[in-house]
$ cat start21.pdb   # PDB, N, CA and C atoms
ATOM      1  N   MET A   4      -4.127  28.135  -2.937
ATOM      2  CA  MET A   4      -4.648  26.928  -2.314
ATOM      3  C   MET A   4      -3.995  26.746  -0.939
ATOM      4  N   ASN A   5      -4.784  26.477   0.078
ATOM      5  CA  ASN A   5      -4.288  26.313   1.441
ATOM      6  C   ASN A   5      -3.802  24.882   1.652
ATOM      7  N   LYS A   6      -2.537  24.752   2.013
ATOM      8  CA  LYS A   6      -1.971  23.418   2.255
ATOM      9  C   LYS A   6      -2.214  23.014   3.704
ATOM     10  N   VAL A   7      -2.736  21.820   3.907
ATOM     11  CA  VAL A   7      -2.965  21.284   5.243
ATOM     12  C   VAL A   7      -1.999  20.120   5.436
ATOM     13  N   LYS A   8      -1.270  20.119   6.557
ATOM     14  CA  LYS A   8      -0.318  19.040   6.827
ATOM     15  C   LYS A   8      -1.063  17.754   7.161
ATOM     16  N   SER A   9      -0.508  16.638   6.735
ATOM     17  CA  SER A   9      -1.104  15.353   7.098
ATOM     18  C   SER A   9      -0.784  15.040   8.560
ATOM     19  N   ALA A  10      -1.637  14.263   9.179
ATOM     20  CA  ALA A  10      -1.477  13.924  10.595
ATOM     21  C   ALA A  10      -0.290  12.994  10.791
ATOM     22  N   THR A  11       0.410  13.187  11.901
ATOM     23  CA  THR A  11       1.518  12.297  12.246
ATOM     24  C   THR A  11       0.953  11.040  12.900
ATOM     25  N   LYS A  12       1.803  10.052  13.067
ATOM     26  CA  LYS A  12       1.406   8.800  13.708
ATOM     27  C   LYS A  12       0.858   9.069  15.111
ATOM     28  N   SER A  13       1.562   9.892  15.878
ATOM     29  CA  SER A  13       1.119  10.213  17.245
ATOM     30  C   SER A  13      -0.227  10.936  17.241
ATOM     31  N   GLU A  14      -0.406  11.870  16.325
ATOM     32  CA  GLU A  14      -1.677  12.598  16.238
ATOM     33  C   GLU A  14      -2.834  11.655  15.897
ATOM     34  N   ILE A  15      -2.573  10.706  15.001
ATOM     35  CA  ILE A  15      -3.607   9.732  14.634
ATOM     36  C   ILE A  15      -3.975   8.883  15.847
ATOM     37  N   PHE A  16      -2.968   8.384  16.566
ATOM     38  CA  PHE A  16      -3.225   7.559  17.746
ATOM     39  C   PHE A  16      -4.009   8.336  18.803
ATOM     40  N   LEU A  17      -3.628   9.595  19.049
ATOM     41  CA  LEU A  17      -4.331  10.417  20.040
ATOM     42  C   LEU A  17      -5.783  10.671  19.640
ATOM     43  N   GLU A  18      -5.999  10.989  18.378
ATOM     44  CA  GLU A  18      -7.368  11.265  17.901
ATOM     45  C   GLU A  18      -8.238  10.021  18.000
ATOM     46  N   LEU A  19      -7.706   8.875  17.595
ATOM     47  CA  LEU A  19      -8.478   7.635  17.681
ATOM     48  C   LEU A  19      -8.731   7.244  19.132
ATOM     49  N   ALA A  20      -7.775   7.517  20.007
ATOM     50  CA  ALA A  20      -7.953   7.230  21.434
ATOM     51  C   ALA A  20      -9.113   8.069  21.993
ATOM     52  N   LYS A  21      -9.170   9.342  21.598
ATOM     53  CA  LYS A  21     -10.262  10.217  22.052
ATOM     54  C   LYS A  21     -11.614   9.719  21.555
ATOM     55  N   ARG A  22     -11.660   9.343  20.282
ATOM     56  CA  ARG A  22     -12.935   8.946  19.657
ATOM     57  C   ARG A  22     -13.446   7.597  20.134
ATOM     58  N   THR A  23     -12.556   6.726  20.608
ATOM     59  CA  THR A  23     -12.962   5.363  20.973
ATOM     60  C   THR A  23     -12.930   5.088  22.473
ATOM     61  N   ASP A  24     -12.535   6.042  23.258
ATOM     62  CA  ASP A  24     -12.396   5.859  24.709
ATOM     63  C   ASP A  24     -11.399   4.749  25.055
ATOM     64  N   LEU A  25     -10.429   4.552  24.188
ATOM     65  CA  LEU A  25      -9.322   3.632  24.470
ATOM     66  C   LEU A  25      -8.106   4.475  24.825
ATOM     67  N   SER A  26      -7.111   3.857  25.444
ATOM     68  CA  SER A  26      -5.877   4.591  25.718
ATOM     69  C   SER A  26      -5.049   4.648  24.432
ATOM     70  N   ARG A  27      -4.108   5.577  24.408
ATOM     71  CA  ARG A  27      -3.235   5.704  23.245
ATOM     72  C   ARG A  27      -2.448   4.414  23.043
ATOM     73  N   LYS A  28      -2.025   3.782  24.139
ATOM     74  CA  LYS A  28      -1.279   2.516  24.051
ATOM     75  C   LYS A  28      -2.139   1.405  23.450
ATOM     76  N   GLN A  29      -3.413   1.374  23.793
ATOM     77  CA  GLN A  29      -4.317   0.359  23.241
ATOM     78  C   GLN A  29      -4.495   0.566  21.735
ATOM     79  N   VAL A  30      -4.625   1.818  21.314
ATOM     80  CA  VAL A  30      -4.760   2.123  19.883
ATOM     81  C   VAL A  30      -3.485   1.701  19.149
ATOM     82  N   ALA A  31      -2.329   1.997  19.729
ATOM     83  CA  ALA A  31      -1.056   1.611  19.119
ATOM     84  C   ALA A  31      -0.950   0.097  19.010
ATOM     85  N   LEU A  32      -1.415  -0.617  20.039
ATOM     86  CA  LEU A  32      -1.390  -2.079  20.022
ATOM     87  C   LEU A  32      -2.281  -2.632  18.905
ATOM     88  N   VAL A  33      -3.448  -2.024  18.716
ATOM     89  CA  VAL A  33      -4.345  -2.447  17.628
ATOM     90  C   VAL A  33      -3.652  -2.279  16.279
ATOM     91  N   PHE A  34      -2.981  -1.144  16.069
ATOM     92  CA  PHE A  34      -2.278  -0.920  14.802
ATOM     93  C   PHE A  34      -1.123  -1.905  14.622
ATOM     94  N   ASP A  35      -0.388  -2.189  15.691
ATOM     95  CA  ASP A  35       0.708  -3.158  15.605
ATOM     96  C   ASP A  35       0.188  -4.541  15.224
ATOM     97  N   GLU A  36      -0.894  -4.961  15.858
ATOM     98  CA  GLU A  36      -1.460  -6.276  15.564
ATOM     99  C   GLU A  36      -2.062  -6.322  14.158
ATOM    100  N   LEU A  37      -2.657  -5.203  13.724
ATOM    101  CA  LEU A  37      -3.188  -5.138  12.362
ATOM    102  C   LEU A  37      -2.050  -5.284  11.349
ATOM    103  N   ALA A  38      -0.937  -4.607  11.597
ATOM    104  CA  ALA A  38       0.231  -4.709  10.710
ATOM    105  C   ALA A  38       0.752  -6.147  10.662
ATOM    106  N   ASN A  39       0.817  -6.808  11.821
ATOM    107  CA  ASN A  39       1.275  -8.201  11.860
ATOM    108  C   ASN A  39       0.328  -9.114  11.092
ATOM    109  N   TYR A  40      -0.968  -8.882  11.237
ATOM    110  CA  TYR A  40      -1.958  -9.711  10.542
ATOM    111  C   TYR A  40      -1.890  -9.495   9.027
ATOM    112  N   ILE A  41      -1.715  -8.246   8.601
ATOM    113  CA  ILE A  41      -1.572  -7.956   7.167
ATOM    114  C   ILE A  41      -0.328  -8.658   6.627
ATOM    115  N   LYS A  42       0.776  -8.587   7.372
ATOM    116  CA  LYS A  42       2.021  -9.253   6.953
ATOM    117  C   LYS A  42       1.798 -10.748   6.782
ATOM    118  N   GLN A  43       1.080 -11.343   7.722
ATOM    119  CA  GLN A  43       0.786 -12.777   7.669
ATOM    120  C   GLN A  43      -0.070 -13.114   6.447
ATOM    121  N   GLN A  44      -1.076 -12.319   6.160
ATOM    122  CA  GLN A  44      -1.996 -12.590   5.053
ATOM    123  C   GLN A  44      -1.369 -12.326   3.688
ATOM    124  N   VAL A  45      -0.577 -11.260   3.572
ATOM    125  CA  VAL A  45      -0.002 -10.882   2.280
ATOM    126  C   VAL A  45       1.317 -11.601   2.027
ATOM    127  N   GLY A  46       1.926 -12.146   3.079
ATOM    128  CA  GLY A  46       3.208 -12.846   2.949
ATOM    129  C   GLY A  46       3.104 -14.127   2.138
ATOM    130  N   LYS A  47       4.240 -14.774   1.938
ATOM    131  CA  LYS A  47       4.314 -15.975   1.096
ATOM    132  C   LYS A  47       3.430 -17.116   1.583
ATOM    133  N   LYS A  48       3.246 -17.243   2.889
ATOM    134  CA  LYS A  48       2.441 -18.339   3.417
ATOM    135  C   LYS A  48       0.967 -17.982   3.531
ATOM    136  N   GLY A  49       0.620 -16.725   3.287
ATOM    137  CA  GLY A  49      -0.767 -16.276   3.385
ATOM    138  C   GLY A  49      -1.487 -16.359   2.051
ATOM    139  N   SER A  50      -2.689 -15.846   2.024
ATOM    140  CA  SER A  50      -3.512 -15.895   0.815
ATOM    141  C   SER A  50      -3.042 -14.914  -0.249
ATOM    142  N   GLY A  51      -2.286 -13.881   0.138
ATOM    143  CA  GLY A  51      -1.815 -12.892  -0.829
ATOM    144  C   GLY A  51      -2.751 -11.705  -0.961
ATOM    145  N   ILE A  52      -3.887 -11.739  -0.250
ATOM    146  CA  ILE A  52      -4.872 -10.652  -0.326
ATOM    147  C   ILE A  52      -5.341 -10.320   1.081
ATOM    148  N   PHE A  53      -5.446  -9.024   1.374
ATOM    149  CA  PHE A  53      -6.018  -8.575   2.639
ATOM    150  C   PHE A  53      -6.918  -7.388   2.339
ATOM    151  N   THR A  54      -8.118  -7.395   2.888
ATOM    152  CA  THR A  54      -9.060  -6.305   2.692
ATOM    153  C   THR A  54      -9.300  -5.592   4.013
ATOM    154  N   VAL A  55      -9.094  -4.277   4.008
ATOM    155  CA  VAL A  55      -9.482  -3.441   5.133
ATOM    156  C   VAL A  55     -10.931  -3.072   4.829
ATOM    157  N   PRO A  56     -11.895  -3.652   5.549
ATOM    158  CA  PRO A  56     -13.308  -3.533   5.186
ATOM    159  C   PRO A  56     -13.749  -2.089   4.901
ATOM    160  N   GLY A  57     -14.297  -1.900   3.701
ATOM    161  CA  GLY A  57     -14.814  -0.605   3.299
ATOM    162  C   GLY A  57     -13.769   0.400   2.850
ATOM    163  N   LEU A  58     -12.483   0.065   2.967
ATOM    164  CA  LEU A  58     -11.463   1.047   2.606
ATOM    165  C   LEU A  58     -10.583   0.629   1.439
ATOM    166  N   LEU A  59      -9.828  -0.442   1.621
ATOM    167  CA  LEU A  59      -8.919  -0.830   0.550
ATOM    168  C   LEU A  59      -8.595  -2.308   0.571
ATOM    169  N   LYS A  60      -8.061  -2.753  -0.563
ATOM    170  CA  LYS A  60      -7.635  -4.141  -0.720
ATOM    171  C   LYS A  60      -6.134  -4.115  -0.985
ATOM    172  N   ILE A  61      -5.391  -4.945  -0.247
ATOM    173  CA  ILE A  61      -3.942  -5.037  -0.400
ATOM    174  C   ILE A  61      -3.643  -6.400  -1.014
ATOM    175  N   LYS A  62      -2.871  -6.409  -2.117
ATOM    176  CA  LYS A  62      -2.575  -7.649  -2.833
ATOM    177  C   LYS A  62      -1.076  -7.835  -3.019
ATOM    178  N   ARG A  63      -0.654  -9.096  -2.959
ATOM    179  CA  ARG A  63       0.707  -9.467  -3.344
ATOM    180  C   ARG A  63       0.644  -9.853  -4.821
ATOM    181  N   VAL A  64       1.489  -9.234  -5.648
ATOM    182  CA  VAL A  64       1.479  -9.489  -7.084
ATOM    183  C   VAL A  64       2.859  -9.986  -7.501
ATOM    184  N   GLU A  65       2.882 -11.116  -8.198
ATOM    185  CA  GLU A  65       4.133 -11.682  -8.712
ATOM    186  C   GLU A  65       4.354 -11.130 -10.122
ATOM    187  N   LYS A  66       5.444 -10.382 -10.301
ATOM    188  CA  LYS A  66       5.779  -9.844 -11.622
ATOM    189  C   LYS A  66       6.764 -10.801 -12.288
ATOM    190  N   PRO A  67       6.480 -11.238 -13.511
ATOM    191  CA  PRO A  67       7.385 -12.177 -14.176
ATOM    192  C   PRO A  67       8.685 -11.490 -14.613
ATOM    193  N   ALA A  68       9.703 -12.301 -14.873
ATOM    194  CA  ALA A  68      10.975 -11.775 -15.375
ATOM    195  C   ALA A  68      10.762 -11.263 -16.799
ATOM    196  N   THR A  69      11.520 -10.236 -17.182
ATOM    197  CA  THR A  69      11.449  -9.717 -18.552
ATOM    198  C   THR A  69      12.814  -9.905 -19.203
ATOM    199  N   LYS A  70      12.811 -10.110 -20.507
ATOM    200  CA  LYS A  70      14.050 -10.287 -21.253
ATOM    201  C   LYS A  70      14.575  -8.925 -21.691
ATOM    202  N   GLU A  71      15.861  -8.905 -21.987
ATOM    203  CA  GLU A  71      16.458  -7.682 -22.533
ATOM    204  C   GLU A  71      15.851  -7.449 -23.916
ATOM    205  N   ARG A  72      15.538  -6.187 -24.231
ATOM    206  CA  ARG A  72      14.890  -5.917 -25.519
ATOM    207  C   ARG A  72      15.268  -4.530 -26.019
ATOM    208  N   MET A  73      15.020  -4.349 -27.296
ATOM    209  CA  MET A  73      15.276  -3.046 -27.908
ATOM    210  C   MET A  73      14.047  -2.163 -27.694
ATOM    211  N   GLY A  74      14.298  -0.881 -27.465
ATOM    212  CA  GLY A  74      13.222   0.091 -27.317
ATOM    213  C   GLY A  74      13.704   1.406 -27.870
ATOM    214  N   ARG A  75      12.929   2.461 -27.655
ATOM    215  CA  ARG A  75      13.404   3.760 -28.118
ATOM    216  C   ARG A  75      13.200   4.805 -27.031
ATOM    217  N   ASN A  76      14.109   5.743 -27.001
ATOM    218  CA  ASN A  76      14.044   6.849 -26.055
ATOM    219  C   ASN A  76      12.920   7.782 -26.514
ATOM    220  N   PRO A  77      11.877   8.007 -25.690
ATOM    221  CA  PRO A  77      10.763   8.835 -26.126
ATOM    222  C   PRO A  77      11.129  10.310 -26.349
ATOM    223  N   GLN A  78      12.207  10.771 -25.730
ATOM    224  CA  GLN A  78      12.599  12.168 -25.901
ATOM    225  C   GLN A  78      13.373  12.394 -27.193
ATOM    226  N   THR A  79      14.305  11.481 -27.509
ATOM    227  CA  THR A  79      15.167  11.688 -28.677
ATOM    228  C   THR A  79      14.796  10.789 -29.856
ATOM    229  N   GLY A  80      14.094   9.698 -29.593
ATOM    230  CA  GLY A  80      13.726   8.782 -30.659
ATOM    231  C   GLY A  80      14.804   7.766 -30.985
ATOM    232  N   GLU A  81      15.985   7.871 -30.357
ATOM    233  CA  GLU A  81      17.055   6.920 -30.661
ATOM    234  C   GLU A  81      16.754   5.556 -30.029
ATOM    235  N   THR A  82      17.254   4.494 -30.667
ATOM    236  CA  THR A  82      17.012   3.150 -30.137
ATOM    237  C   THR A  82      17.968   2.886 -28.978
ATOM    238  N   ILE A  83      17.445   2.219 -27.956
ATOM    239  CA  ILE A  83      18.233   1.886 -26.772
ATOM    240  C   ILE A  83      17.949   0.439 -26.378
ATOM    241  N   MET A  84      18.843  -0.131 -25.591
ATOM    242  CA  MET A  84      18.648  -1.486 -25.090
ATOM    243  C   MET A  84      18.023  -1.379 -23.697
ATOM    244  N   ILE A  85      16.846  -1.985 -23.504
ATOM    245  CA  ILE A  85      16.179  -1.995 -22.205
ATOM    246  C   ILE A  85      16.634  -3.242 -21.469
ATOM    247  N   LYS A  86      17.180  -3.053 -20.260
ATOM    248  CA  LYS A  86      17.750  -4.159 -19.495
ATOM    249  C   LYS A  86      16.687  -5.167 -19.068
ATOM    250  N   ALA A  87      17.126  -6.401 -18.869
ATOM    251  CA  ALA A  87      16.247  -7.460 -18.362
ATOM    252  C   ALA A  87      15.981  -7.220 -16.879
ATOM    253  N   LYS A  88      14.799  -7.660 -16.407
ATOM    254  CA  LYS A  88      14.457  -7.545 -14.987
ATOM    255  C   LYS A  88      14.150  -8.939 -14.456
ATOM    256  N   PRO A  89      14.591  -9.243 -13.231
ATOM    257  CA  PRO A  89      14.298 -10.553 -12.651
ATOM    258  C   PRO A  89      12.847 -10.627 -12.169
ATOM    259  N   LYS A  90      12.384 -11.859 -11.889
ATOM    260  CA  LYS A  90      11.061 -12.047 -11.310
ATOM    261  C   LYS A  90      11.043 -11.353  -9.957
ATOM    262  N   ARG A  91       9.928 -10.685  -9.631
ATOM    263  CA  ARG A  91       9.868  -9.976  -8.358
ATOM    264  C   ARG A  91       8.456  -9.966  -7.808
ATOM    265  N   THR A  92       8.346  -9.709  -6.528
ATOM    266  CA  THR A  92       7.065  -9.638  -5.847
ATOM    267  C   THR A  92       6.843  -8.205  -5.393
ATOM    268  N   VAL A  93       5.666  -7.650  -5.710
ATOM    269  CA  VAL A  93       5.331  -6.289  -5.298
ATOM    270  C   VAL A  93       4.005  -6.310  -4.550
ATOM    271  N   VAL A  94       3.767  -5.271  -3.778
ATOM    272  CA  VAL A  94       2.515  -5.141  -3.035
ATOM    273  C   VAL A  94       1.743  -3.979  -3.628
ATOM    274  N   LYS A  95       0.467  -4.207  -3.946
ATOM    275  CA  LYS A  95      -0.400  -3.171  -4.508
ATOM    276  C   LYS A  95      -1.552  -2.926  -3.551
ATOM    277  N   ALA A  96      -1.986  -1.677  -3.462
ATOM    278  CA  ALA A  96      -3.146  -1.317  -2.638
ATOM    279  C   ALA A  96      -4.178  -0.673  -3.549
ATOM    280  N   TYR A  97      -5.407  -1.170  -3.499
ATOM    281  CA  TYR A  97      -6.488  -0.681  -4.339
ATOM    282  C   TYR A  97      -7.599  -0.103  -3.470
ATOM    283  N   PRO A  98      -8.034   1.126  -3.760
ATOM    284  CA  PRO A  98      -9.139   1.692  -2.971
ATOM    285  C   PRO A  98     -10.452   1.004  -3.314
ATOM    286  N   LEU A  99     -11.300   0.800  -2.303
ATOM    287  CA  LEU A  99     -12.622   0.228  -2.526
ATOM    288  C   LEU A  99     -13.635   1.359  -2.738
ATOM    289  N   LYS A 100     -14.817   1.004  -3.154
ATOM    290  CA  LYS A 100     -15.847   1.974  -3.512
ATOM    291  C   LYS A 100     -16.110   2.991  -2.399
ATOM    292  N   ALA A 101     -16.229   2.527  -1.158
ATOM    293  CA  ALA A 101     -16.533   3.432  -0.043
ATOM    294  C   ALA A 101     -15.443   4.489   0.129
ATOM    295  N   LEU A 102     -14.177   4.123  -0.030
ATOM    296  CA  LEU A 102     -13.082   5.071   0.099
ATOM    297  C   LEU A 102     -13.130   6.077  -1.039
ATOM    298  N   LYS A 103     -13.394   5.619  -2.241
ATOM    299  CA  LYS A 103     -13.494   6.534  -3.384
ATOM    300  C   LYS A 103     -14.614   7.545  -3.162
ATOM    301  N   GLU A 104     -15.726   7.089  -2.596
ATOM    302  CA  GLU A 104     -16.860   7.989  -2.354
ATOM    303  C   GLU A 104     -16.559   9.011  -1.264
ATOM    304  N   MET A 105     -15.707   8.651  -0.288
ATOM    305  CA  MET A 105     -15.323   9.590   0.765
ATOM    306  C   MET A 105     -14.592  10.793   0.191
ATOM    307  N   VAL A 106     -13.799  10.560  -0.850
ATOM    308  CA  VAL A 106     -12.971  11.597  -1.439
ATOM    309  C   VAL A 106     -13.784  12.531  -2.327
ATOM    310  N   LEU A 107     -14.835  12.024  -2.924
ATOM    311  CA  LEU A 107     -15.632  12.850  -3.845
ATOM    312  C   LEU A 107     -16.537  13.811  -3.146
TER     313      LEU A 107
END

$ encode --input "start21.pdb" --output "structure tokens"
Amino acid sequence: MNKVKSATKSEIFLELAKRTDLSRKQVALVFDELANYIKQQVGKKGSGIFTVPGLLKIKRVEKPATKERMGRNPQTGETIMIKAKPKRTVVKAYPLKALKEMVL
């Protein structure tokens, strides 16, 4: 199987600049502002959801705290104590239909 390297940030900016007739600096500015807007929307004061139209949905998910509990080691079968975890906030990204179809 032939491995193809993923594009670097600079390569992405240059390619988008060529395709859109914008300068590389303008493309970089668009990405910076997009990142700031996503931060605002997904942050605590935002709605918690941001959709990149046709590509993906980014969500802020609140994970509840878990109590310490007994479990078992799947490799050995012995019982172990699973530590408690505090409440935490995570970010999830979900592909939308159009992105899934691009890959197929």

$ resolve_selection --input "start21.pdb" --expression "the PyMOL selection byres ((chain A and resi 92) around 5)" --output "ChimeraX atom specification"
/A:64-66,90-91,93-94

$ closest_residue --input "start21.pdb" --among "A:Arg72, A:Arg63, A:Lys12, A:Arg27" --to "Gln43 of chain A" --atoms "only C-alpha atoms"
A:Arg63

$ select_by_dssp --input "start21.pdb" --residues "segment 5-90 of chain A" --states "strand (DSSP E or B)" --output "PyMOL selection string"
chain A and resi 52-55+59-66+69+72-75+82-85+88

$ resolve_selection --input "start21.pdb" --expression "the PyMOL selection byres (((chain A and resi 41 and name CA) around 12) and name CA)" --output "ChimeraX atom specification"
/A:34-40,42-55,60-63,94,96

$ closest_residue --input "start21.pdb" --among "A:Leu32, A:Arg75, A:Thr11, A:Gly57" --to "Leu102 of chain A" --atoms "only C-alpha atoms"
A:Gly57

$ resolve_selection --input "start21.pdb" --expression "the PyMOL selection byres (((chain A and resi 89 and name CA) around 8) and name CA)" --output "NGL selection string"
:A and (67-69 or 87-88 or 90-91)

$ write_last_selection --input "start21.pdb" --atoms "N, CA and C atoms" --output "PDB file, keeping the file's coordinate frame"
ATOM      1  N   PRO A  67       6.480 -11.238 -13.511  1.00  0.00           N
ATOM      2  CA  PRO A  67       7.385 -12.177 -14.176  1.00  0.00           C
ATOM      3  C   PRO A  67       8.685 -11.490 -14.613  1.00  0.00           C
ATOM      4  N   ALA A  68       9.703 -12.301 -14.873  1.00  0.00           N
ATOM      5  CA  ALA A  68      10.975 -11.775 -15.375  1.00  0.00           C
ATOM      6  C   ALA A  68      10.762 -11.263 -16.799  1.00  0.00           C
ATOM      7  N   THR A  69      11.520 -10.236 -17.182  1.00  0.00           N
ATOM      8  CA  THR A  69      11.449  -9.717 -18.552  1.00  0.00           C
ATOM      9  C   THR A  69      12.814  -9.905 -19.203  1.00  0.00           C
ATOM     10  N   ALA A  87      17.126  -6.401 -18.869  1.00  0.00           N
ATOM     11  CA  ALA A  87      16.247  -7.460 -18.362  1.00  0.00           C
ATOM     12  C   ALA A  87      15.981  -7.220 -16.879  1.00  0.00           C
ATOM     13  N   LYS A  88      14.799  -7.660 -16.407  1.00  0.00           N
ATOM     14  CA  LYS A  88      14.457  -7.545 -14.987  1.00  0.00           C
ATOM     15  C   LYS A  88      14.150  -8.939 -14.456  1.00  0.00           C
ATOM     16  N   LYS A  90      12.384 -11.859 -11.889  1.00  0.00           N
ATOM     17  CA  LYS A  90      11.061 -12.047 -11.310  1.00  0.00           C
ATOM     18  C   LYS A  90      11.043 -11.353  -9.957  1.00  0.00           C
ATOM     19  N   ARG A  91       9.928 -10.685  -9.631  1.00  0.00           N
ATOM     20  CA  ARG A  91       9.868  -9.976  -8.358  1.00  0.00           C
ATOM     21  C   ARG A  91       8.456  -9.966  -7.808  1.00  0.00           C
TER      22      ARG A  91
END

$ closest_residue --input "start21.pdb" --among "A:Leu59, A:Glu71, A:Gly80, A:Ala20" --to "Lys100 of chain A" --atoms "only N, CA and C atoms"
A:Leu59

$ axis_aligned_box --input "start21.pdb" --around "segment 55-70 of chain A" --padding-each-side "8 Å" --output "AutoDock Vina command-line options"
--center_x -0.1 --center_y -5.6 --center_z -8.1 --size_x 45.4 --size_y 29.3 --size_z 43.2

$ atom_distance --input "start21.pdb" --atom1 "atom CA of Leu107 of chain A" --atom2 "atom CA of Lys8 of chain A"
19.7 Å

$ atom_distance --input "start21.pdb" --atom1 "atom C of Lys86 of chain A" --atom2 "atom CA of Met73 of chain A"
9.2 Å

$ select_by_dssp --input "start21.pdb" --residues "segment 33-100 of chain A" --states "helix (DSSP H, G or I)" --output "ChimeraX atom specification"
/A:33-45,100

$ write_last_selection --input "start21.pdb" --atoms "N, CA and C atoms" --output "tab-separated table (two decimals), keeping the file's coordinate frame"
chain	number	residue	atom	x	y	z
A	33	VAL	N	-3.45	-2.02	18.72
A	33	VAL	CA	-4.34	-2.45	17.63
A	33	VAL	C	-3.65	-2.28	16.28
A	34	PHE	N	-2.98	-1.14	16.07
A	34	PHE	CA	-2.28	-0.92	14.80
A	34	PHE	C	-1.12	-1.90	14.62
A	35	ASP	N	-0.39	-2.19	15.69
A	35	ASP	CA	0.71	-3.16	15.60
A	35	ASP	C	0.19	-4.54	15.22
A	36	GLU	N	-0.89	-4.96	15.86
A	36	GLU	CA	-1.46	-6.28	15.56
A	36	GLU	C	-2.06	-6.32	14.16
A	37	LEU	N	-2.66	-5.20	13.72
A	37	LEU	CA	-3.19	-5.14	12.36
A	37	LEU	C	-2.05	-5.28	11.35
A	38	ALA	N	-0.94	-4.61	11.60
A	38	ALA	CA	0.23	-4.71	10.71
A	38	ALA	C	0.75	-6.15	10.66
A	39	ASN	N	0.82	-6.81	11.82
A	39	ASN	CA	1.27	-8.20	11.86
A	39	ASN	C	0.33	-9.11	11.09
A	40	TYR	N	-0.97	-8.88	11.24
A	40	TYR	CA	-1.96	-9.71	10.54
A	40	TYR	C	-1.89	-9.49	9.03
A	41	ILE	N	-1.72	-8.25	8.60
A	41	ILE	CA	-1.57	-7.96	7.17
A	41	ILE	C	-0.33	-8.66	6.63
A	42	LYS	N	0.78	-8.59	7.37
A	42	LYS	CA	2.02	-9.25	6.95
A	42	LYS	C	1.80	-10.75	6.78
A	43	GLN	N	1.08	-11.34	7.72
A	43	GLN	CA	0.79	-12.78	7.67
A	43	GLN	C	-0.07	-13.11	6.45
A	44	GLN	N	-1.08	-12.32	6.16
A	44	GLN	CA	-2.00	-12.59	5.05
A	44	GLN	C	-1.37	-12.33	3.69
A	45	VAL	N	-0.58	-11.26	3.57
A	45	VAL	CA	0.00	-10.88	2.28
A	45	VAL	C	1.32	-11.60	2.03
A	100	LYS	N	-14.82	1.00	-3.15
A	100	LYS	CA	-15.85	1.97	-3.51
A	100	LYS	C	-16.11	2.99	-2.40

$ atom_distance --input "start21.pdb" --atom1 "atom CA of Asp24 of chain A" --atom2 "atom C of Pro56 of chain A"
21.4 Å

$ decode --input "start21.pdb" --residues "segment 11-25 of chain A" --atoms "N, CA and C atoms" --output "PDB file, in the first residue's frame"
ATOM      1  N   THR A  11       0.741  19.749   5.089  1.00  0.00           N
ATOM      2  CA  THR A  11       1.084  20.593   6.233  1.00  0.00           C
ATOM      3  C   THR A  11       0.193  21.832   6.214  1.00  0.00           C
ATOM      4  N   LYS A  12       0.230  22.577   7.296  1.00  0.00           N
ATOM      5  CA  LYS A  12      -0.549  23.810   7.403  1.00  0.00           C
ATOM      6  C   LYS A  12      -0.185  24.771   6.269  1.00  0.00           C
ATOM      7  N   SER A  13       1.108  24.944   6.026  1.00  0.00           N
ATOM      8  CA  SER A  13       1.559  25.850   4.957  1.00  0.00           C
ATOM      9  C   SER A  13       1.091  25.371   3.583  1.00  0.00           C
ATOM     10  N   GLU A  14       1.172  24.075   3.338  1.00  0.00           N
ATOM     11  CA  GLU A  14       0.724  23.530   2.052  1.00  0.00           C
ATOM     12  C   GLU A  14      -0.776  23.753   1.847  1.00  0.00           C
ATOM     13  N   ILE A  15      -1.547  23.588   2.920  1.00  0.00           N
ATOM     14  CA  ILE A  15      -2.994  23.812   2.834  1.00  0.00           C
ATOM     15  C   ILE A  15      -3.272  25.277   2.508  1.00  0.00           C
ATOM     16  N   PHE A  16      -2.606  26.193   3.213  1.00  0.00           N
ATOM     17  CA  PHE A  16      -2.809  27.620   2.970  1.00  0.00           C
ATOM     18  C   PHE A  16      -2.434  27.995   1.536  1.00  0.00           C
ATOM     19  N   LEU A  17      -1.303  27.479   1.042  1.00  0.00           N
ATOM     20  CA  LEU A  17      -0.872  27.777  -0.328  1.00  0.00           C
ATOM     21  C   LEU A  17      -1.861  27.245  -1.364  1.00  0.00           C
ATOM     22  N   GLU A  18      -2.323  26.025  -1.163  1.00  0.00           N
ATOM     23  CA  GLU A  18      -3.273  25.420  -2.117  1.00  0.00           C
ATOM     24  C   GLU A  18      -4.587  26.188  -2.134  1.00  0.00           C
ATOM     25  N   LEU A  19      -5.095  26.547  -0.962  1.00  0.00           N
ATOM     26  CA  LEU A  19      -6.344  27.306  -0.905  1.00  0.00           C
ATOM     27  C   LEU A  19      -6.167  28.702  -1.490  1.00  0.00           C
ATOM     28  N   ALA A  20      -4.998  29.294  -1.299  1.00  0.00           N
ATOM     29  CA  ALA A  20      -4.717  30.613  -1.875  1.00  0.00           C
ATOM     30  C   ALA A  20      -4.760  30.531  -3.409  1.00  0.00           C
ATOM     31  N   LYS A  21      -4.176  29.468  -3.964  1.00  0.00           N
ATOM     32  CA  LYS A  21      -4.193  29.283  -5.424  1.00  0.00           C
ATOM     33  C   LYS A  21      -5.616  29.113  -5.944  1.00  0.00           C
ATOM     34  N   ARG A  22      -6.394  28.295  -5.244  1.00  0.00           N
ATOM     35  CA  ARG A  22      -7.754  27.965  -5.708  1.00  0.00           C
ATOM     36  C   ARG A  22      -8.737  29.116  -5.563  1.00  0.00           C
ATOM     37  N   THR A  23      -8.477  30.045  -4.644  1.00  0.00           N
ATOM     38  CA  THR A  23      -9.441  31.117  -4.368  1.00  0.00           C
ATOM     39  C   THR A  23      -8.980  32.497  -4.826  1.00  0.00           C
ATOM     40  N   ASP A  24      -7.809  32.596  -5.373  1.00  0.00           N
ATOM     41  CA  ASP A  24      -7.240  33.888  -5.782  1.00  0.00           C
ATOM     42  C   ASP A  24      -7.106  34.855  -4.601  1.00  0.00           C
ATOM     43  N   LEU A  25      -6.922  34.306  -3.421  1.00  0.00           N
ATOM     44  CA  LEU A  25      -6.624  35.115  -2.235  1.00  0.00           C
ATOM     45  C   LEU A  25      -5.139  34.964  -1.939  1.00  0.00           C
TER      46      LEU A  25
END
